Amino acid sequence: MATDALRSRYEAAGQGHLFTFWQQLSETEQTALAAQLEAIDIERVNRVYAKAVSAERELATKEEVIEPLPQDASDRVTPQSSSREAEWRATGLAAIARGEVGVLLMAGGQGTRLGSSAPKGCYDIGLPSHKPLFQYQAERIARLQQVAQEEEHKPAGSVVVPWYIMTSGPTRLATEEFFKANGYFGLRSENVIFFEQGTLPCLTMDGKVLLETKSRVAVAPDGNGGLYAALRTPLSPTDKTRSVLSDLESRKVLYVHAYCVDNCLVRVADPVFVGYGISKQADCAAKVVPKAYPTESVGVVAQRSSKFSVVEYSEISAAQAEARDPNTGELLFRAGNIANHFYTTTFLRSVASFEDDLAFHIARKKIPHVALPDGTSVKPTKPNGMKLEMFVFDVFPYTTRFAVLEVARTDEFSPLKNAPGTGSDDPETSRRDLLAQHRRFLEAAGATVREGVEIELSPLVTYSGEGLAPVKGKTFTRSGIVSALEELDVL
């Protein structure tokens with residue numbers, strides 16, 4: 001687009017100030033700024049801003065009825081549900097063996113709070129093996145492919161679970177290089193597909209786009225809910241025809257498991273959860289854990305004005321947070337959201353049809369920028385602008401058939417959020433929880449693990465405790481790392 005036409009378009013949108021320093025820029029800087037402005041759908045930015053402000057105002061004045069999940073909307077995995085769990089697992093494994101299941105990983109974050117600038121998935125939580133999060137998840141996929149192959153009697157190497165990894169601008173290159181340097185952790189490279197989360201311009205409080213420098217617009221990631229638009233975005237600037245959605249379609253993938261990178265206990269492409277979603281004929285499902293206590297700072301899956309939604313802890317009154325089922329004594333608002341979801345690919349494709357109805361959330365932040373018209377750099381000391389974000393759960397109210405599966409926190413959720421030594425959701429608690437799970441796997445298989453002994457089981461040995469029958473009756477007195485089942489013989 002010619003510069004004059006581009007400028008006219010931005011002026012018509014009320015954003016012509018972005019050309020304030022045009023004449024001061026070098027030819028290279030002008031080219032870069034023009035390319036960035038051409039890539040931004042400025043009319044959409046204005047619509048998103050207007051809807052976000054309107055929705056926030058409406059939310060502040062409107063009385064919304066917030067209710068707990070209806071009893072028939074959720075199920076749980078417990079020792080008493082073992083027969084149903086086995087059925088769900090069989091259904092999920094069969095779908096995996098047929099090549100109908102893919103995985104979406106939300107991995108755009110950096111380990112900033114952990115003292116690292118690397119992608120969070122590269123982080124070593126201090127396990128004896130020093131495997132990073134990415135490796136653990138890759139090896140779980142490899143093991144699951146093998147289990148599905150064996151149990152469904154498929155030819156060697158024929159079962160594939162494609163892994164779609166959503167990065168961000170700051171983490172894309174580092175993530176791809178990490179995988180290449182580590183041989184994709186044993187997976188075939190053509191089945192590991194990287195794509196990038198979208199961004200939106202940062203805005204002033206009255207909706208004007210901010211400049212980070214005289215030649216660059218300030219932008220920020222559009223939230224983990226940007227996943228849906230990113231699925232439609234071309235994977236490569238040189239091939240506009242291939243996107244994640246088109247790749248899923250070409251592979252005939254019908255079901256997708258999505259999760260966040262920072263949970264060391266995540267069961268990637270969990271056959272139980274996948275089978276549950278299929279059995280419920282759900283177009284979307286959420287895996288949840290029970291809240292640890294009434295005031296825990298976690299969103300819950302509930303109903304907002306009779307529609308499924310994630311309700312933030314700050315939106316629930318103290319009385320609601322404390323309310324309990326008179327029959328069971330359990331919290332009524334107990335379904336803690338862990339960003340772990342099942343979708344049909346049909347539903348993922350449908351999001352485009354209602355995406356304009358979704359309101360972005362406003363995060364008011366301190367945003368460095370250049371001042372107009374003098375161009376001085378400003379580092380504000382208080383919030384001066386807004387970043388607009390969509391959350392991955394914002395689509396829940398638009399589902400036709402929604403289901404919720406509650407699982408045990410100790411089995412499936414140990415997030416990595418905080419700096420080492422914090423004492424909660426930090427590397428030490430992640431390490432503790434993963435090694436405790438491995439101890440339970442061995443004990444459930446009939447082994448005894450002496451006090452103080454730490455045994456790390458590679459995901460290539462067991463995905464969720466299966467395949468450990470040979471340890472029955474054994475007592476383990478030495479700590480160690482187990483990369484193959486026979487290595488247990490020396491511990």
# chains A, B, ... in the order shown; residues from 1 in each chain; ligands from 1
$ select_by_dssp --residues "region 377-444 of chain A" --states "alpha helix (DSSP H)" --output "number ranges by chain"
A: 409-412, 427-444
$ write_last_selection --atoms "C-alpha atoms" --output "mmCIF file, in the first residue's frame"
data_model
loop_
_atom_site.group_PDB
_atom_site.id
_atom_site.type_symbol
_atom_site.label_atom_id
_atom_site.label_comp_id
_atom_site.auth_asym_id
_atom_site.auth_seq_id
_atom_site.Cartn_x
_atom_site.Cartn_y
_atom_site.Cartn_z
ATOM 1 C CA ARG A 409 -4.936 -31.921 41.890
ATOM 2 C CA THR A 410 -2.130 -34.158 43.169
ATOM 3 C CA ASP A 411 -2.345 -36.220 39.983
ATOM 4 C CA GLU A 412 -2.646 -33.523 37.366
ATOM 5 C CA PRO A 427 10.243 -24.907 40.984
ATOM 6 C CA GLU A 428 10.608 -26.710 44.313
ATOM 7 C CA THR A 429 6.888 -27.518 44.585
ATOM 8 C CA SER A 430 6.831 -28.665 40.942
ATOM 9 C CA ARG A 431 9.780 -30.982 41.583
ATOM 10 C CA ARG A 432 8.232 -32.271 44.811
ATOM 11 C CA ASP A 433 4.855 -32.975 43.208
ATOM 12 C CA LEU A 434 6.281 -34.781 40.180
ATOM 13 C CA LEU A 435 8.575 -37.030 42.211
ATOM 14 C CA ALA A 436 5.738 -37.735 44.682
ATOM 15 C CA GLN A 437 3.610 -38.855 41.740
ATOM 16 C CA HIS A 438 6.347 -41.222 40.580
ATOM 17 C CA ARG A 439 6.485 -42.704 44.090
ATOM 18 C CA ARG A 440 2.688 -43.253 43.942
ATOM 19 C CA PHE A 441 3.001 -44.935 40.530
ATOM 20 C CA LEU A 442 5.489 -47.447 41.965
ATOM 21 C CA GLU A 443 3.475 -48.037 45.133
ATOM 22 C CA ALA A 444 0.263 -48.525 43.154
#
$ select_by_dssp --residues "region 263-484 of chain A" --states "strand (DSSP E)" --output "ChimeraX atom specification"
/A:284-290,300-304,307-311,335-344,361-365,369-370,377-378,385-389,402-406,448-449,455-457,475-476,480-482
$ closest_atom_pairs --of "region 220-323 of chain A" --to "region 186-195 of chain A" --cutoff "8 Å" --atoms "only C-alpha atoms" --output "JSON lines"
{"residue": "A:Ala230", "atom": "CA", "partner": "A:Phe195", "partner_atom": "CA", "distance": 7.4}
{"residue": "A:Leu235", "atom": "CA", "partner": "A:Phe195", "partner_atom": "CA", "distance": 6.0}
{"residue": "A:Val244", "atom": "CA", "partner": "A:Phe195", "partner_atom": "CA", "distance": 7.8}
$ write_last_selection --atoms "N, CA, C and O atoms" --output "mmCIF file, in the first residue's frame"
data_model
loop_
_atom_site.group_PDB
_atom_site.id
_atom_site.type_symbol
_atom_site.label_atom_id
_atom_site.label_comp_id
_atom_site.auth_asym_id
_atom_site.auth_seq_id
_atom_site.Cartn_x
_atom_site.Cartn_y
_atom_site.Cartn_z
ATOM 1 N N ALA A 230 -5.041 -17.137 16.069
ATOM 2 C CA ALA A 230 -3.734 -17.631 15.621
ATOM 3 C C ALA A 230 -3.862 -18.943 14.861
ATOM 4 O O ALA A 230 -3.048 -19.246 13.984
ATOM 5 N N LEU A 235 0.920 -20.133 8.674
ATOM 6 C CA LEU A 235 2.087 -20.573 9.437
ATOM 7 C C LEU A 235 3.366 -19.943 8.918
ATOM 8 O O LEU A 235 4.350 -19.827 9.644
ATOM 9 N N VAL A 244 -2.728 -23.641 11.172
ATOM 10 C CA VAL A 244 -2.933 -24.770 12.081
ATOM 11 C C VAL A 244 -4.250 -25.472 11.752
ATOM 12 O O VAL A 244 -4.331 -26.697 11.685
#
$ closest_residue --among "A:Tyr463, A:Tyr10, A:Phe21, A:Phe342" --to "Val370 (chain A)" --atoms "only C-alpha atoms"
A:Phe21
$ residues_around --residues "Val45 (chain A)" --least-positions-apart "3" --cutoff "10 Å" --atoms "only C-alpha atoms" --output "number ranges by chain"
A: 13, 40-42, 48-51, 200-203, 207-209, 388
$ atom_distance --atom1 "CA of Ile316 (chain A)" --atom2 "CA of Tyr398 (chain A)"
21.9 Å
$ atom_distance --atom1 "CA of Pro373 (chain A)" --atom2 "CA of Asn46 (chain A)"
21.9 Å
$ residues_around --residues "Val453 (chain A)" --least-positions-apart "2" --cutoff "9 Å" --atoms "only C-alpha atoms" --output "number ranges by chain"
A: 439, 449-451, 455, 476-480
$ closest_atom_pairs --of "region 112-149 of chain A" --to "region 92-102 of chain A" --cutoff "10 Å" --atoms "only C-alpha atoms" --output "JSON lines"
{"residue": "A:Leu144", "atom": "CA", "partner": "A:Leu93", "partner_atom": "CA", "distance": 8.6}
{"residue": "A:Gln145", "atom": "CA", "partner": "A:Ala97", "partner_atom": "CA", "distance": 7.6}
{"residue": "A:Gln146", "atom": "CA", "partner": "A:Ala97", "partner_atom": "CA", "distance": 9.4}
{"residue": "A:Val147", "atom": "CA", "partner": "A:Leu93", "partner_atom": "CA", "distance": 8.2}
{"residue": "A:Ala148", "atom": "CA", "partner": "A:Ala97", "partner_atom": "CA", "distance": 5.4}
{"residue": "A:Gln149", "atom": "CA", "partner": "A:Ala97", "partner_atom": "CA", "distance": 6.2}
$ write_last_selection --atoms "N, CA and C atoms" --output "mmCIF file, in the first residue's frame"
data_model
loop_
_atom_site.group_PDB
_atom_site.id
_atom_site.type_symbol
_atom_site.label_atom_id
_atom_site.label_comp_id
_atom_site.auth_asym_id
_atom_site.auth_seq_id
_atom_site.Cartn_x
_atom_site.Cartn_y
_atom_site.Cartn_z
ATOM 1 N N LEU A 144 2.690 -42.022 24.867
ATOM 2 C CA LEU A 144 1.272 -42.223 24.563
ATOM 3 C C LEU A 144 1.087 -42.819 23.165
ATOM 4 N N GLN A 145 1.882 -42.353 22.211
ATOM 5 C CA GLN A 145 1.821 -42.926 20.865
ATOM 6 C C GLN A 145 2.123 -44.422 20.911
ATOM 7 N N GLN A 146 3.118 -44.779 21.720
ATOM 8 C CA GLN A 146 3.505 -46.193 21.839
ATOM 9 C C GLN A 146 2.391 -47.011 22.507
ATOM 10 N N VAL A 147 1.806 -46.462 23.584
ATOM 11 C CA VAL A 147 0.733 -47.173 24.287
ATOM 12 C C VAL A 147 -0.459 -47.400 23.354
ATOM 13 N N ALA A 148 -0.846 -46.355 22.610
ATOM 14 C CA ALA A 148 -1.975 -46.485 21.690
ATOM 15 C C ALA A 148 -1.668 -47.499 20.593
ATOM 16 N N GLN A 149 -0.431 -47.467 20.115
ATOM 17 C CA GLN A 149 -0.007 -48.416 19.077
ATOM 18 C C GLN A 149 -0.125 -49.855 19.571
#
$ closest_residue --among "A:Ala285, A:Met106, A:Ala156, A:Leu211" --to "Thr171 (chain A)" --atoms "only C-alpha atoms"
A:Met106
$ atom_distance --atom1 "CA of Thr112 (chain A)" --atom2 "CA of Leu416 (chain A)"
11.6 Å
$ residues_around --residues "Gln320 (chain A)" --least-positions-apart "3" --cutoff "8 Å" --atoms "only C-alpha atoms" --output "VMD selection string"
chain A and resid 316 to 317 323 332 to 333
$ write_last_selection --atoms "all heavy atoms" --output "PDB file, in the first residue's frame"
ATOM      1  N   ILE A 316     -16.810 -13.436  42.951  1.00  0.00           N
ATOM      2  CA  ILE A 316     -17.662 -14.261  43.808  1.00  0.00           C
ATOM      3  C   ILE A 316     -17.673 -13.657  45.208  1.00  0.00           C
ATOM      4  O   ILE A 316     -16.624 -13.316  45.761  1.00  0.00           O
ATOM      5  CB  ILE A 316     -17.127 -15.707  43.852  1.00  0.00           C
ATOM      6  CG1 ILE A 316     -17.223 -16.338  42.463  1.00  0.00           C
ATOM      7  CG2 ILE A 316     -17.914 -16.546  44.846  1.00  0.00           C
ATOM      8  CD1 ILE A 316     -16.613 -17.725  42.392  1.00  0.00           C
ATOM      9  N   SER A 317     -18.839 -13.535  45.777  1.00  0.00           N
ATOM     10  CA  SER A 317     -18.943 -12.975  47.135  1.00  0.00           C
ATOM     11  C   SER A 317     -18.355 -13.952  48.141  1.00  0.00           C
ATOM     12  O   SER A 317     -18.191 -15.148  47.864  1.00  0.00           O
ATOM     13  CB  SER A 317     -20.409 -12.705  47.475  1.00  0.00           C
ATOM     14  OG  SER A 317     -21.115 -13.939  47.607  1.00  0.00           O
ATOM     15  N   ALA A 323     -19.965 -21.187  50.413  1.00  0.00           N
ATOM     16  CA  ALA A 323     -21.177 -22.017  50.329  1.00  0.00           C
ATOM     17  C   ALA A 323     -20.836 -23.467  50.016  1.00  0.00           C
ATOM     18  O   ALA A 323     -19.962 -23.755  49.191  1.00  0.00           O
ATOM     19  CB  ALA A 323     -22.122 -21.459  49.261  1.00  0.00           C
ATOM     20  N   LEU A 332     -19.631 -25.370  46.731  1.00  0.00           N
ATOM     21  CA  LEU A 332     -20.476 -25.281  45.536  1.00  0.00           C
ATOM     22  C   LEU A 332     -19.685 -24.708  44.366  1.00  0.00           C
ATOM     23  O   LEU A 332     -19.823 -25.165  43.224  1.00  0.00           O
ATOM     24  CB  LEU A 332     -21.701 -24.410  45.831  1.00  0.00           C
ATOM     25  CG  LEU A 332     -22.765 -25.040  46.733  1.00  0.00           C
ATOM     26  CD1 LEU A 332     -23.886 -24.046  47.019  1.00  0.00           C
ATOM     27  CD2 LEU A 332     -23.341 -26.299  46.087  1.00  0.00           C
ATOM     28  N   PHE A 333     -18.866 -23.691  44.633  1.00  0.00           N
ATOM     29  CA  PHE A 333     -17.988 -23.121  43.599  1.00  0.00           C
ATOM     30  C   PHE A 333     -16.600 -23.740  43.790  1.00  0.00           C
ATOM     31  O   PHE A 333     -15.719 -23.165  44.411  1.00  0.00           O
ATOM     32  CB  PHE A 333     -17.939 -21.595  43.713  1.00  0.00           C
ATOM     33  CG  PHE A 333     -19.225 -20.920  43.327  1.00  0.00           C
ATOM     34  CD1 PHE A 333     -20.198 -20.647  44.281  1.00  0.00           C
ATOM     35  CD2 PHE A 333     -19.483 -20.574  42.013  1.00  0.00           C
ATOM     36  CE1 PHE A 333     -21.387 -20.030  43.938  1.00  0.00           C
ATOM     37  CE2 PHE A 333     -20.681 -19.948  41.651  1.00  0.00           C
ATOM     38  CZ  PHE A 333     -21.636 -19.679  42.619  1.00  0.00           C
TER      39      PHE A 333
END
$ residues_around --residues "Val272 (chain A)" --least-positions-apart "2" --cutoff "10 Å" --atoms "only C-alpha atoms" --output "JSON list (two decimals) with C-alpha atoms, in the first residue's frame"
[["chain", "number", "residue", "atom", "x", "y", "z"],
["A", 77, "VAL", "CA", -12.27, -39.11, 38.17],
["A", 84, "ARG", "CA", -16.17, -45.21, 33.61],
["A", 85, "GLU", "CA", -12.59, -43.97, 33.54],
["A", 86, "ALA", "CA", -11.52, -47.18, 31.80],
["A", 87, "GLU", "CA", -14.27, -46.68, 29.20],
["A", 88, "TRP", "CA", -13.23, -43.07, 28.58],
["A", 89, "ARG", "CA", -9.58, -44.13, 28.30],
["A", 90, "ALA", "CA", -10.43, -46.85, 25.78],
["A", 91, "THR", "CA", -12.44, -44.38, 23.69],
["A", 92, "GLY", "CA", -9.63, -41.81, 23.81],
["A", 93, "LEU", "CA", -6.88, -44.33, 22.99],
["A", 267, "ARG", "CA", -1.27, -35.43, 30.89],
["A", 269, "ALA", "CA", -3.49, -35.66, 24.99],
["A", 270, "ASP", "CA", -4.90, -37.41, 28.05],
["A", 274, "VAL", "CA", -10.28, -37.00, 25.26],
["A", 275, "GLY", "CA", -12.49, -40.06, 25.62],
["A", 276, "TYR", "CA", -14.65, -38.19, 28.11],
["A", 277, "GLY", "CA", -15.18, -35.32, 25.67],
["A", 278, "ILE", "CA", -16.02, -37.73, 22.86],
["A", 405, "LEU", "CA", -14.23, -33.27, 34.21]]
$ closest_atom_pairs --of "region 282-337 of chain A" --to "region 53-65 of chain A" --cutoff "8 Å" --atoms "only C-alpha atoms" --output "CSV"
residue,atom,partner,partner_atom,distance
A:Arg304,CA,A:Val65,CA,5.8
A:Ser305,CA,A:Val65,CA,5.0
A:Ser306,CA,A:Val65,CA,7.7
$ decode --residues "region 296-315 of chain A" --atoms "N, CA, C and O atoms" --output "compact mmCIF listing (two decimals), in the first residue's frame"
# COMPACT_ATOMS: atom_id res chain seq x y z
N GLU A 296 -9.23 -19.50 47.83
CA GLU A 296 -8.10 -19.67 46.92
C GLU A 296 -8.26 -18.74 45.71
O GLU A 296 -9.34 -18.64 45.12
N SER A 297 -7.17 -18.08 45.33
CA SER A 297 -7.21 -17.11 44.24
C SER A 297 -7.15 -17.81 42.88
O SER A 297 -6.14 -17.76 42.18
N VAL A 298 -8.24 -18.45 42.54
CA VAL A 298 -8.32 -19.16 41.27
C VAL A 298 -9.71 -18.98 40.70
O VAL A 298 -10.70 -18.94 41.44
N GLY A 299 -9.81 -18.82 39.38
CA GLY A 299 -11.11 -18.75 38.74
C GLY A 299 -11.79 -20.11 38.79
O GLY A 299 -11.12 -21.15 38.86
N VAL A 300 -13.11 -20.10 38.76
CA VAL A 300 -13.85 -21.37 38.77
C VAL A 300 -14.75 -21.45 37.56
O VAL A 300 -15.28 -20.44 37.08
N VAL A 301 -14.91 -22.66 37.05
CA VAL A 301 -15.88 -22.89 35.99
C VAL A 301 -17.25 -22.93 36.65
O VAL A 301 -17.49 -23.69 37.58
N ALA A 302 -18.14 -22.06 36.17
CA ALA A 302 -19.47 -21.92 36.77
C ALA A 302 -20.43 -21.47 35.67
O ALA A 302 -20.13 -21.62 34.48
N GLN A 303 -21.56 -20.92 36.08
CA GLN A 303 -22.51 -20.36 35.11
C GLN A 303 -22.72 -18.89 35.40
O GLN A 303 -22.92 -18.50 36.55
N ARG A 304 -22.66 -18.10 34.35
CA ARG A 304 -22.91 -16.67 34.43
C ARG A 304 -24.13 -16.38 33.55
O ARG A 304 -24.09 -16.61 32.33
N SER A 305 -25.20 -15.94 34.18
CA SER A 305 -26.45 -15.71 33.43
C SER A 305 -26.82 -16.93 32.61
O SER A 305 -27.13 -16.84 31.41
N SER A 306 -26.74 -18.10 33.25
CA SER A 306 -27.15 -19.39 32.69
C SER A 306 -26.24 -19.90 31.57
O SER A 306 -26.58 -20.88 30.90
N LYS A 307 -25.09 -19.26 31.37
CA LYS A 307 -24.14 -19.74 30.37
C LYS A 307 -22.83 -20.14 31.04
O LYS A 307 -22.40 -19.51 32.01
N PHE A 308 -22.21 -21.19 30.51
CA PHE A 308 -20.94 -21.65 31.09
C PHE A 308 -19.88 -20.56 30.94
O PHE A 308 -19.78 -19.89 29.90
N SER A 309 -19.08 -20.43 31.98
CA SER A 309 -18.09 -19.36 31.99
C SER A 309 -17.04 -19.66 33.06
O SER A 309 -17.24 -20.53 33.91
N VAL A 310 -15.93 -18.96 32.98
CA VAL A 310 -14.99 -18.96 34.10
C VAL A 310 -15.21 -17.67 34.87
O VAL A 310 -15.16 -16.57 34.30
N VAL A 311 -15.50 -17.81 36.15
CA VAL A 311 -15.77 -16.67 37.01
C VAL A 311 -14.55 -16.45 37.90
O VAL A 311 -14.10 -17.37 38.58
N GLU A 312 -14.00 -15.26 37.84
CA GLU A 312 -12.81 -14.97 38.64
C GLU A 312 -13.16 -14.93 40.13
O GLU A 312 -14.28 -14.60 40.51
N TYR A 313 -12.17 -15.26 40.95
CA TYR A 313 -12.41 -15.32 42.39
C TYR A 313 -12.89 -13.99 42.94
O TYR A 313 -13.65 -13.93 43.91
N SER A 314 -12.48 -12.88 42.30
CA SER A 314 -12.87 -11.55 42.77
C SER A 314 -14.34 -11.25 42.46
O SER A 314 -14.91 -10.29 42.99
N GLU A 315 -14.96 -12.04 41.58
CA GLU A 315 -16.35 -11.82 41.21
C GLU A 315 -17.33 -12.58 42.10
O GLU A 315 -18.54 -12.41 41.97
